[in-house]
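Peer 1: Got a file for you: coords-v3.txt, compact mmCIF, C-alpha atoms and all ligand atoms.
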```txt
# COMPACT_ATOMS: atom_id res chain seq x y z
CA MET A 177 -57.07 95.82 -53.16
CA THR A 178 -54.01 97.77 -54.23
CA GLU A 179 -52.92 96.86 -57.75
CA THR A 180 -49.33 97.08 -58.92
CA VAL A 181 -47.83 96.78 -62.39
CA GLY A 182 -46.80 93.21 -61.52
CA SER A 183 -50.18 92.12 -60.13
CA LEU A 184 -52.07 93.65 -63.07
CA LEU A 185 -49.73 92.02 -65.55
CA ASP A 186 -50.07 88.61 -63.89
CA SER A 187 -53.87 88.75 -63.63
CA ALA A 188 -54.24 90.00 -67.22
CA ALA A 189 -51.96 87.26 -68.57
CA ALA A 190 -53.77 84.57 -66.55
CA ALA A 191 -57.16 85.72 -67.86
CA LEU A 192 -55.85 85.80 -71.46
CA ILE A 193 -54.46 82.27 -71.07
CA GLN A 194 -57.81 81.07 -69.76
CA ALA A 195 -59.57 82.71 -72.72
CA GLY A 196 -57.27 80.81 -75.10
CA PHE A 197 -55.23 83.71 -76.51
CA ASP A 198 -51.89 83.06 -78.17
CA GLU A 199 -49.01 85.04 -76.65
CA PRO A 200 -51.00 86.17 -73.57
CA ARG A 201 -48.06 87.79 -71.81
CA ARG A 202 -47.11 89.83 -74.86
CA ILE A 203 -50.70 91.08 -75.26
CA ALA A 204 -50.92 91.88 -71.54
CA ARG A 205 -47.65 93.84 -71.65
CA ARG A 206 -48.70 95.78 -74.74
CA ALA A 207 -52.09 96.64 -73.23
CA LEU A 208 -50.62 97.76 -69.92
CA GLY A 209 -47.78 99.63 -71.58
CA ALA A 210 -50.16 101.54 -73.84
CA VAL A 211 -52.77 102.38 -71.20
CA LEU A 212 -50.31 103.23 -68.43
CA GLU A 213 -47.86 104.85 -70.86
CA ILE A 214 -44.88 102.98 -69.46
CA SER A 215 -42.11 101.19 -71.32
CA LEU A 216 -41.53 97.46 -71.23
CA ALA A 217 -38.26 98.09 -69.39
CA GLU A 218 -40.05 100.08 -66.68
CA MET A 219 -42.80 97.48 -66.45
CA LEU A 220 -40.27 94.72 -65.86
CA SER A 221 -37.92 96.65 -63.58
CA ARG A 222 -40.62 98.18 -61.33
CA PRO A 223 -43.33 95.53 -60.88
CA GLU A 224 -44.07 96.94 -57.40
CA LYS A 225 -45.20 100.30 -58.83
CA VAL A 226 -48.71 101.03 -57.50
CA ILE A 227 -51.39 101.83 -60.10
CA GLU A 228 -54.20 104.23 -59.18
CA ASP A 229 -57.81 103.05 -59.42
CA LEU A 230 -58.73 105.07 -62.50
CA GLN A 231 -55.82 103.58 -64.45
CA VAL A 232 -56.71 100.09 -63.23
CA ARG A 233 -60.25 100.62 -64.56
CA ARG A 234 -58.85 101.78 -67.92
CA VAL A 235 -56.66 98.68 -68.16
CA ARG A 236 -59.67 96.44 -67.36
CA LEU A 237 -61.88 98.18 -69.95
CA THR A 238 -59.14 97.73 -72.57
CA LEU A 239 -58.79 94.05 -71.70
CA ASP A 240 -62.58 93.58 -71.92
CA ARG A 241 -62.35 94.75 -75.55
CA VAL A 242 -59.42 92.39 -76.16
CA PHE A 243 -61.50 89.50 -74.76
CA ALA A 244 -64.24 90.52 -77.23
CA ARG A 245 -61.62 89.90 -79.98
CA GLU A 246 -60.96 93.53 -80.84
CA PRO A 247 -57.29 93.82 -81.84
CA LEU A 248 -55.24 95.96 -79.48
CA SER A 249 -54.08 98.04 -82.44
CA ARG A 250 -57.73 98.92 -83.18
CA ILE A 251 -58.38 99.82 -79.54
CA LEU A 252 -55.30 102.03 -79.46
CA GLY A 253 -55.95 103.34 -82.99
CA ARG A 254 -52.37 102.80 -84.05
CA ARG A 255 -49.99 100.15 -85.35
CA GLU A 256 -46.23 100.00 -85.73
CA PHE A 257 -44.94 99.08 -89.19
CA TRP A 258 -41.30 99.29 -90.25
CA SER A 259 -40.64 100.90 -86.83
CA LEU A 260 -42.93 103.81 -87.73
CA GLU A 261 -46.26 104.48 -86.04
CA PHE A 262 -49.38 104.55 -88.24
CA ALA A 263 -52.81 105.80 -87.25
CA LEU A 264 -55.60 103.41 -88.21
CA SER A 265 -59.17 104.24 -89.12
CA ALA A 266 -62.28 102.19 -89.85
CA ASP A 267 -61.39 102.50 -93.56
CA THR A 268 -57.88 101.10 -93.34
CA LEU A 269 -56.46 97.62 -93.02
CA ASP A 270 -54.46 97.07 -89.85
CA PRO A 271 -51.01 96.65 -91.48
CA ARG A 272 -49.55 93.16 -91.14
CA PRO A 273 -45.90 92.39 -90.33
CA GLU A 274 -45.56 90.16 -93.43
CA THR A 275 -46.16 93.21 -95.64
CA GLU A 276 -42.72 94.45 -94.58
CA THR A 277 -41.49 91.79 -97.06
CA ILE A 278 -42.40 94.24 -99.85
CA VAL A 279 -40.32 97.01 -98.29
CA GLU A 280 -37.39 94.62 -97.87
CA ALA A 281 -37.72 93.49 -101.50
CA VAL A 282 -37.63 97.09 -102.77
CA LEU A 283 -34.54 97.84 -100.65
CA ARG A 284 -32.77 94.79 -102.09
CA ARG A 285 -33.57 95.76 -105.69
CA PHE A 286 -32.70 99.47 -105.24
CA PRO A 287 -29.54 99.43 -103.09
CA ASP A 288 -28.71 103.11 -103.74
CA ARG A 289 -30.82 104.93 -101.13
CA HIS A 290 -30.05 108.36 -102.59
CA LEU A 291 -31.79 107.84 -105.92
CA PRO A 292 -34.65 110.25 -106.62
CA LEU A 293 -37.09 107.38 -107.16
CA ARG A 294 -40.79 107.75 -107.90
CA PHE A 295 -42.98 105.20 -106.10
CA LEU A 296 -46.60 104.31 -106.62
CA ASP A 297 -48.51 102.40 -103.92
CA LEU A 298 -51.74 100.84 -105.20
CA GLY A 299 -54.31 100.23 -102.45
CA THR A 300 -52.34 102.31 -99.97
CA GLY A 301 -54.56 101.92 -96.86
CA THR A 302 -52.69 103.65 -94.01
CA GLY A 303 -49.92 104.48 -96.48
CA CYS A 304 -47.63 102.12 -94.57
CA ILE A 305 -45.70 100.67 -97.53
CA LEU A 306 -45.17 103.97 -99.30
CA LEU A 307 -44.22 105.88 -96.15
CA ALA A 308 -41.84 103.12 -95.03
CA LEU A 309 -40.16 103.44 -98.43
CA LEU A 310 -39.95 107.22 -98.19
CA SER A 311 -38.30 106.79 -94.78
CA GLU A 312 -35.56 104.76 -96.47
CA PHE A 313 -35.14 106.85 -99.64
CA PRO A 314 -34.72 110.51 -98.60
CA ASN A 315 -34.83 111.83 -102.18
CA ALA A 316 -37.81 109.79 -103.36
CA VAL A 317 -41.39 110.93 -103.89
CA GLY A 318 -44.46 108.75 -103.86
CA PHE A 319 -48.09 108.49 -104.81
CA GLY A 320 -50.59 106.38 -102.92
CA VAL A 321 -53.96 105.43 -104.42
CA ASP A 322 -56.98 103.98 -102.68
CA LEU A 323 -60.59 103.50 -103.72
CA SER A 324 -61.57 104.43 -100.18
CA ALA A 325 -61.60 108.19 -99.57
CA GLY A 326 -61.36 107.49 -95.82
CA ALA A 327 -58.18 105.45 -96.31
CA ALA A 328 -56.61 108.18 -98.48
CA THR A 329 -57.39 110.73 -95.75
CA THR A 330 -55.79 108.53 -93.08
CA ALA A 331 -52.73 107.92 -95.25
CA ARG A 332 -52.37 111.67 -95.87
CA ARG A 333 -52.57 112.27 -92.13
CA ASN A 334 -49.95 109.61 -91.45
CA ALA A 335 -47.65 111.17 -94.04
CA ARG A 336 -47.98 114.54 -92.32
CA LEU A 337 -47.45 113.13 -88.82
CA LEU A 338 -44.38 111.18 -89.94
CA GLY A 339 -42.90 114.21 -91.69
CA PHE A 340 -43.31 113.01 -95.29
CA GLY A 341 -46.21 115.29 -96.23
CA ASP A 342 -44.17 117.10 -98.87
CA ARG A 343 -43.03 113.90 -100.62
CA ALA A 344 -46.17 111.75 -100.39
CA HIS A 345 -49.35 112.45 -102.34
CA PHE A 346 -52.55 110.50 -101.93
CA LEU A 347 -55.36 110.10 -104.42
CA VAL A 348 -58.74 108.42 -104.48
CA GLY A 349 -58.88 106.17 -107.49
CA ASP A 350 -59.36 102.74 -108.99
CA TRP A 351 -55.88 101.17 -108.95
CA GLY A 352 -53.67 102.94 -111.52
CA ALA A 353 -56.47 104.46 -113.61
CA ALA A 354 -55.91 108.06 -112.43
CA ILE A 355 -52.13 107.90 -112.82
CA SER A 356 -50.10 108.51 -115.95
CA GLY A 357 -46.38 108.67 -116.65
CA LYS A 358 -43.68 106.26 -115.56
CA LEU A 359 -42.74 105.12 -112.06
CA ASP A 360 -39.55 103.48 -110.82
CA ALA A 361 -41.31 101.06 -108.48
CA ILE A 362 -44.95 100.15 -108.05
CA VAL A 363 -45.92 98.41 -104.83
CA ALA A 364 -49.27 96.87 -103.98
CA ASN A 365 -50.87 94.79 -101.27
CA PRO A 366 -54.29 94.30 -102.86
CA PRO A 367 -57.17 92.36 -101.30
CA TYR A 368 -56.57 88.71 -102.17
CA ILE A 369 -58.94 86.59 -100.07
CA ALA A 370 -61.63 84.75 -102.03
CA THR A 371 -65.12 85.97 -101.11
CA THR A 372 -66.15 82.44 -100.10
CA LEU A 373 -63.32 82.32 -97.52
CA LEU A 374 -64.18 85.60 -95.81
CA GLY A 375 -66.57 83.78 -93.45
CA GLU A 376 -63.66 81.71 -92.13
CA LEU A 377 -61.62 84.70 -91.01
CA PRO A 378 -61.08 85.15 -87.26
CA PRO A 379 -63.29 87.82 -85.62
CA GLU A 380 -60.28 90.11 -85.09
CA VAL A 381 -60.06 90.41 -88.88
CA ALA A 382 -63.64 89.88 -90.06
CA LEU A 383 -65.14 92.40 -87.62
CA HIS A 384 -62.47 95.08 -87.74
CA ASP A 385 -60.71 95.20 -91.11
CA PRO A 386 -62.76 96.79 -93.92
CA ARG A 387 -64.19 94.35 -96.43
CA LEU A 388 -62.81 96.45 -99.29
CA ALA A 389 -59.33 95.66 -97.98
CA LEU A 390 -59.92 91.90 -97.81
CA ASP A 391 -62.32 90.77 -100.50
CA GLY A 392 -60.47 89.55 -103.59
CA GLY A 393 -63.63 88.44 -105.39
CA LYS A 394 -64.67 84.98 -106.51
CA ASP A 395 -61.17 83.53 -106.89
CA GLY A 396 -59.31 86.03 -104.68
CA LEU A 397 -57.55 87.38 -107.77
CA GLN A 398 -59.97 90.05 -108.96
CA ALA A 399 -57.73 92.90 -107.78
CA TYR A 400 -54.76 91.44 -109.66
CA HIS A 401 -56.85 91.08 -112.84
CA SER A 402 -57.74 94.78 -112.56
CA LEU A 403 -54.50 96.37 -111.43
CA ALA A 404 -52.34 94.35 -113.84
CA MET A 405 -54.04 96.19 -116.71
CA ASP A 406 -52.19 99.41 -115.77
CA LEU A 407 -48.75 97.99 -114.97
CA GLY A 408 -47.28 97.93 -118.48
CA ARG A 409 -48.34 101.53 -119.04
CA LEU A 410 -46.90 102.76 -115.71
CA LEU A 411 -43.65 100.84 -115.33
CA GLY A 412 -40.53 102.54 -116.66
CA SER A 413 -37.95 100.47 -118.54
CA LYS A 414 -35.98 99.58 -115.38
CA ALA A 415 -38.94 99.75 -113.03
CA ILE A 416 -40.20 96.88 -110.93
CA PHE A 417 -43.63 95.91 -109.67
CA PHE A 418 -43.78 94.39 -106.16
CA GLY A 419 -47.07 92.78 -105.16
CA GLU A 420 -48.07 90.89 -102.04
CA ILE A 421 -49.82 87.59 -102.74
CA GLY A 422 -51.50 84.85 -100.73
CA SER A 423 -49.23 81.90 -99.95
CA CYS A 424 -50.69 79.67 -102.71
CA GLN A 425 -51.31 82.33 -105.35
CA ALA A 426 -47.89 82.65 -107.05
CA PRO A 427 -48.68 80.64 -110.24
CA ALA A 428 -52.10 82.26 -110.78
CA VAL A 429 -50.84 85.82 -110.17
CA ALA A 430 -47.81 85.22 -112.40
CA ALA A 431 -50.13 84.07 -115.21
CA ILE A 432 -52.26 87.24 -114.85
CA ILE A 433 -49.18 89.47 -114.93
CA ARG A 434 -47.59 87.63 -117.89
CA ALA A 435 -50.84 87.91 -119.82
CA ARG A 436 -50.37 91.70 -119.63
CA GLY A 437 -46.98 91.43 -121.33
CA LEU A 438 -44.81 91.69 -118.21
CA VAL A 439 -41.91 89.49 -117.23
CA ILE A 440 -41.79 87.82 -113.80
CA GLU A 441 -38.55 88.81 -112.04
CA GLY A 442 -38.89 86.50 -109.07
CA TYR A 443 -40.46 86.12 -105.64
CA GLU A 444 -39.64 87.05 -102.07
CA GLN A 445 -40.51 84.44 -99.48
CA ASP A 446 -41.91 84.72 -96.00
CA LEU A 447 -40.28 83.05 -92.97
CA ALA A 448 -42.13 79.80 -93.77
CA GLY A 449 -40.62 79.78 -97.27
CA ALA A 450 -43.86 80.60 -99.11
CA PRO A 451 -43.64 83.12 -101.98
CA ARG A 452 -45.45 86.22 -100.65
CA CYS A 453 -44.16 88.96 -102.92
CA VAL A 454 -44.16 88.72 -106.69
CA MET A 455 -41.82 90.96 -108.67
CA ALA A 456 -42.35 91.83 -112.33
CA LYS A 457 -40.84 94.10 -114.97
CA ALA A 458 -42.05 95.61 -118.18
CA ASP A 459 -41.08 93.60 -121.24
CA ALA A 460 -38.12 95.57 -122.64
CA VAL A 461 -39.49 95.32 -126.18
CA ALA A 462 -42.94 96.50 -125.24
CA ALA A 463 -41.75 99.24 -122.89
CA GLN A 464 -43.15 102.61 -123.82
CA LYS A 465 -41.26 105.88 -123.80
CA SER A 466 -41.32 107.87 -120.57
CA VAL A 467 -43.80 110.70 -120.69
CA GLY A 468 -43.28 112.25 -117.24
CA MET A 469 -45.49 112.01 -114.20
CA ARG A 470 -48.97 113.44 -114.06
CA CYS A 471 -51.50 112.77 -111.34
CA LEU A 472 -55.12 113.76 -111.24
CA PRO A 473 -55.77 115.42 -107.88
CA VAL A 474 -59.03 114.77 -106.04
C1 LIG A 501 -55.00 94.60 -98.23
S1 LIG A 501 -55.34 96.31 -98.10
C2 LIG A 501 -53.69 96.95 -98.08
C3 LIG A 501 -53.55 98.27 -97.39
C4 LIG A 501 -52.08 98.70 -97.17
N1 LIG A 501 -51.38 98.83 -98.42
C5 LIG A 501 -51.37 97.70 -96.27
O1 LIG A 501 -50.56 96.92 -96.78
O2 LIG A 501 -51.64 97.68 -95.06
C6 LIG A 501 -55.91 96.67 -99.74
C7 LIG A 501 -56.24 98.12 -100.00
O3 LIG A 501 -56.71 98.23 -101.35
C8 LIG A 501 -57.78 99.17 -101.40
N2 LIG A 501 -58.56 98.91 -102.60
C9 LIG A 501 -59.52 97.97 -102.82
N3 LIG A 501 -60.00 98.06 -104.06
C10 LIG A 501 -59.32 99.06 -104.66
C11 LIG A 501 -59.35 99.63 -105.97
N4 LIG A 501 -60.18 99.19 -106.91
N5 LIG A 501 -58.49 100.65 -106.26
C12 LIG A 501 -57.66 101.13 -105.30
N6 LIG A 501 -57.58 100.63 -104.04
C13 LIG A 501 -58.40 99.62 -103.74
C14 LIG A 501 -58.51 98.95 -100.08
O4 LIG A 501 -59.32 100.03 -99.74
C15 LIG A 501 -57.35 98.70 -99.13
O5 LIG A 501 -56.91 99.90 -98.55
```
Would you put the structure from the file into structure tokens?
Peer 2:
Amino acid sequence: MTETVGSLLDSAAAALIQAGFDEPRRIARRALGAVLEISLAEMLSRPEKVIEDLQVRRVRLTLDRVFAREPLSRILGRREFWSLEFALSADTLDPRPETETIVEAVLRRFPDRHLPLRFLDLGTGTGCILLALLSEFPNAVGFGVDLSAGAATTARRNARLLGFGDRAHFLVGDWGAAISGKLDAIVANPPYIATTLLGELPPEVALHDPRLALDGGKDGLQAYHSLAMDLGRLLGSKAIFFGEIGSCQAPAVAAIIRARGLVIEGYEQDLAGAPRCVMAKADAVAAQKSVGMRCLPV
């Protein structure tokens, strides 16, 4: 039987509906678009376009992996974040749309895009937060740290592919331990899921995102306990920390941060109104003098 863009799209969407997927048509369009290398506009305007057998087989193989609950981004090896394309690897989290809240929060707090800011991204993964920021601040430089050497390698590669290789530097390290000097903004999306809840994650997450990127320890807050230790030392007098948090974690994370002598600046909310980004500043009295940036290369 001759398959066309339209017939493949319809049969893929029908099978996804039957398998209980949310947004089946969107998934089917993304899968077809990526495998056939055609735009959504072309897909919709030329449904009669005939697809050769080899391509049909490739679409079906891709959909088989989707039915097995492998995220399309993992199959394709890439994910769009802040309208930039990021390569994924087995060592990196698949960036989530809600993490763009951190980028938006930084843009709101630093309205002058020409400032020569220095960013630090703790737990950088693909480097998505840092590189999104560098795309918005052409004179800024940034440092990304990850405990996973594989993640740091992927982030470095993304920086190069996106054209930020000269302004982004990636290190393997334990949160801020290998960094000294003062930053203008520190961003972090640390793992914040309690270990006991990991078993409840959907297979798309549990089987494909690295545990190091998810596991927040007994109470989900272990990463915050650790990384908060370095914030006072690394934040300049006007600098701000921006950290992603789970939707019910605001009071607990604020207490951890305050216990380190920082002041909570506020929260950014997600579309459901839950606080998902905590912002904190160094206590003006306790702020230390700037000593310039020094990073330990690996
Ligand atoms: C939730 S993922 C976030 C990745 C990326 N920033 C993003 O938003 O997509 C958390 C990241 O923290 C890293 N990580 C975990 N423990 C760490 C530690 N002790 N020091 C530095 N990075 C760590 C993980 O490897 C992972 O890349």
Peer 1: Give me, as a tab-separated table, the closest atom pair and its distance (Å, one decimal) for every residue of chain A within a cut-off of 8 Å of ligand LIG 501 (chain A), counting only C-alpha atoms and all ligand atoms, rows sorted by chain and rising number.
Peer 2:
```
residue	atom	partner	partner_atom	distance
A:Asp267	CA	A:LIG501	O4	7.0
A:Thr268	CA	A:LIG501	O5	5.4
A:Leu269	CA	A:LIG501	O2	5.2
A:Asp270	CA	A:LIG501	O2	6.0
A:Pro271	CA	A:LIG501	O2	3.8
A:Arg272	CA	A:LIG501	O2	6.3
A:Thr275	CA	A:LIG501	O1	5.9
A:Asp297	CA	A:LIG501	N1	7.2
A:Leu298	CA	A:LIG501	C12	5.9
A:Gly299	CA	A:LIG501	O3	3.3
A:Thr300	CA	A:LIG501	N1	3.9
A:Gly301	CA	A:LIG501	O5	3.5
A:Thr302	CA	A:LIG501	C4	5.9
A:Gly303	CA	A:LIG501	N1	6.1
A:Cys304	CA	A:LIG501	O2	6.0
A:Ile305	CA	A:LIG501	N1	6.0
A:Val321	CA	A:LIG501	C12	5.7
A:Asp322	CA	A:LIG501	N6	3.7
A:Leu323	CA	A:LIG501	C12	4.1
A:Ser324	CA	A:LIG501	O4	5.0
A:Ala327	CA	A:LIG501	O5	6.1
A:Val348	CA	A:LIG501	C12	7.4
A:Gly349	CA	A:LIG501	C12	5.6
A:Asp350	CA	A:LIG501	N5	3.5
A:Trp351	CA	A:LIG501	N5	3.8
A:Gly352	CA	A:LIG501	N5	7.5
A:Ala364	CA	A:LIG501	N1	6.3
A:Asn365	CA	A:LIG501	C2	4.8
A:Pro366	CA	A:LIG501	C6	4.2
A:Pro367	CA	A:LIG501	C1	4.4
A:Tyr368	CA	A:LIG501	C1	7.3
A:Pro386	CA	A:LIG501	O4	7.5
A:Leu388	CA	A:LIG501	O4	5.0
A:Ala389	CA	A:LIG501	C15	3.8
A:Leu390	CA	A:LIG501	C1	5.6
A:Ala399	CA	A:LIG501	N3	6.8
A:Ser402	CA	A:LIG501	N4	7.6
A:Leu403	CA	A:LIG501	N4	7.8
```
Peer 1: Counting only C-alpha atoms, what is within 6 Å of Val363 of chain A, bar same-chain residues fewer than 6 positions away, as a list in words?
Peer 2: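 These residues fall inside the cut-off: Asp297, Phe417, Phe418 and Gly419 of chain A.
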Peer 1: Which value, in Å to one decimal, gives the distance between atom CA of Ser356 of chain A and atom CA of Leu310 of chain A?
Peer 2: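 Calculated distance between atom CA of Ser356 of chain A and atom CA of Leu310 of chain A is 20.5 Å.
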Peer 1: My list of candidates is A:Leu306, A:Leu337, A:Arg294, A:Pro451. Which is closest to Leu410 of chain A when distances are computed with only C-alpha atoms?
Peer 2: A:Arg294
Peer 1: How many Å separate atom CA of Val429 of chain A from atom CA of His401 of chain A?
Peer 2: 8.4 Å
Peer 1: How many Å lie between atom CA of Arg332 of chain A and atom CA of Ile355 of chain A, rounded to one decimal?
Peer 2: 17.4 Å
Peer 1: Given the choices A:Asp459, A:Glu246, A:Asp288, A:Glu276, which gets closest to Glu380 of chain A if the distance is worked out from all atoms listed in the file?
Peer 2: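 Closest to Glu380 of chain A of all the choices is A:Glu246.
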Peer 1: Which residue gives the smallest distance to Gly182 of chain A among A:Met219, A:Ala204, A:Tyr443, A:Phe197, with only C-alpha atoms counted?
Peer 2: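 Of A:Met219, A:Ala204, A:Tyr443, A:Phe197, the one nearest Gly182 of chain A, counting only C-alpha atoms, is A:Met219.
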Peer 1: Which neighbours of Ala244 of chain A fall inside 12 Å, counting only C-alpha atoms, when residues of the same chain fewer than 2 positions from it are skipped, and could you give them as a PyMOL selection string?
Peer 2: chain A and resi 192+195+197+237-242+246-248+251+378-380+383-384
Peer 1: Of the candidates A:Ser221, A:Arg409, A:Val235, A:Leu293, which one gets nearest to Ser187 of chain A if we count all atoms listed in the file?
Peer 2: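 For Ser187 of chain A, the nearest of the candidates is A:Val235.
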Peer 1: Considering only C-alpha atoms, can you say which of A:Gly396, A:Gly320, A:Pro287, A:Pro273 comes closest to Ala354 of chain A?
Peer 2: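 Closest to Ala354 of chain A of all the choices is A:Gly320.
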Peer 1: Which is closer to Lys414 of chain A than all the others in A:Ala335, A:Ala361, A:Leu216, A:Leu291, using all atoms listed in the file?
Peer 2: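 Checking each of A:Ala335, A:Ala361, A:Leu216, A:Leu291 against Lys414 of chain A, counting all atoms listed in the file, the winner is A:Ala361.
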Peer 1: Hey, can you pull every residue with an atom no more than 7 Å from (-55.2, 88.3, -71.0), using only C-alpha atoms, and send it as a PDB file with C-alpha atoms, in the coordinates of the input?
Peer 2:
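Here's the written file result_8.pdb:
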```pdb
ATOM      1  CA  ALA A 188     -54.240  90.000 -67.220  1.00  0.00           C
ATOM      2  CA  ALA A 189     -51.960  87.260 -68.570  1.00  0.00           C
ATOM      3  CA  ALA A 190     -53.770  84.570 -66.550  1.00  0.00           C
ATOM      4  CA  ALA A 191     -57.160  85.720 -67.860  1.00  0.00           C
ATOM      5  CA  LEU A 192     -55.850  85.800 -71.460  1.00  0.00           C
ATOM      6  CA  ILE A 193     -54.460  82.270 -71.070  1.00  0.00           C
ATOM      7  CA  PRO A 200     -51.000  86.170 -73.570  1.00  0.00           C
ATOM      8  CA  ILE A 203     -50.700  91.080 -75.260  1.00  0.00           C
ATOM      9  CA  ALA A 204     -50.920  91.880 -71.540  1.00  0.00           C
ATOM     10  CA  LEU A 239     -58.790  94.050 -71.700  1.00  0.00           C
TER      11      LEU A 239
END
```
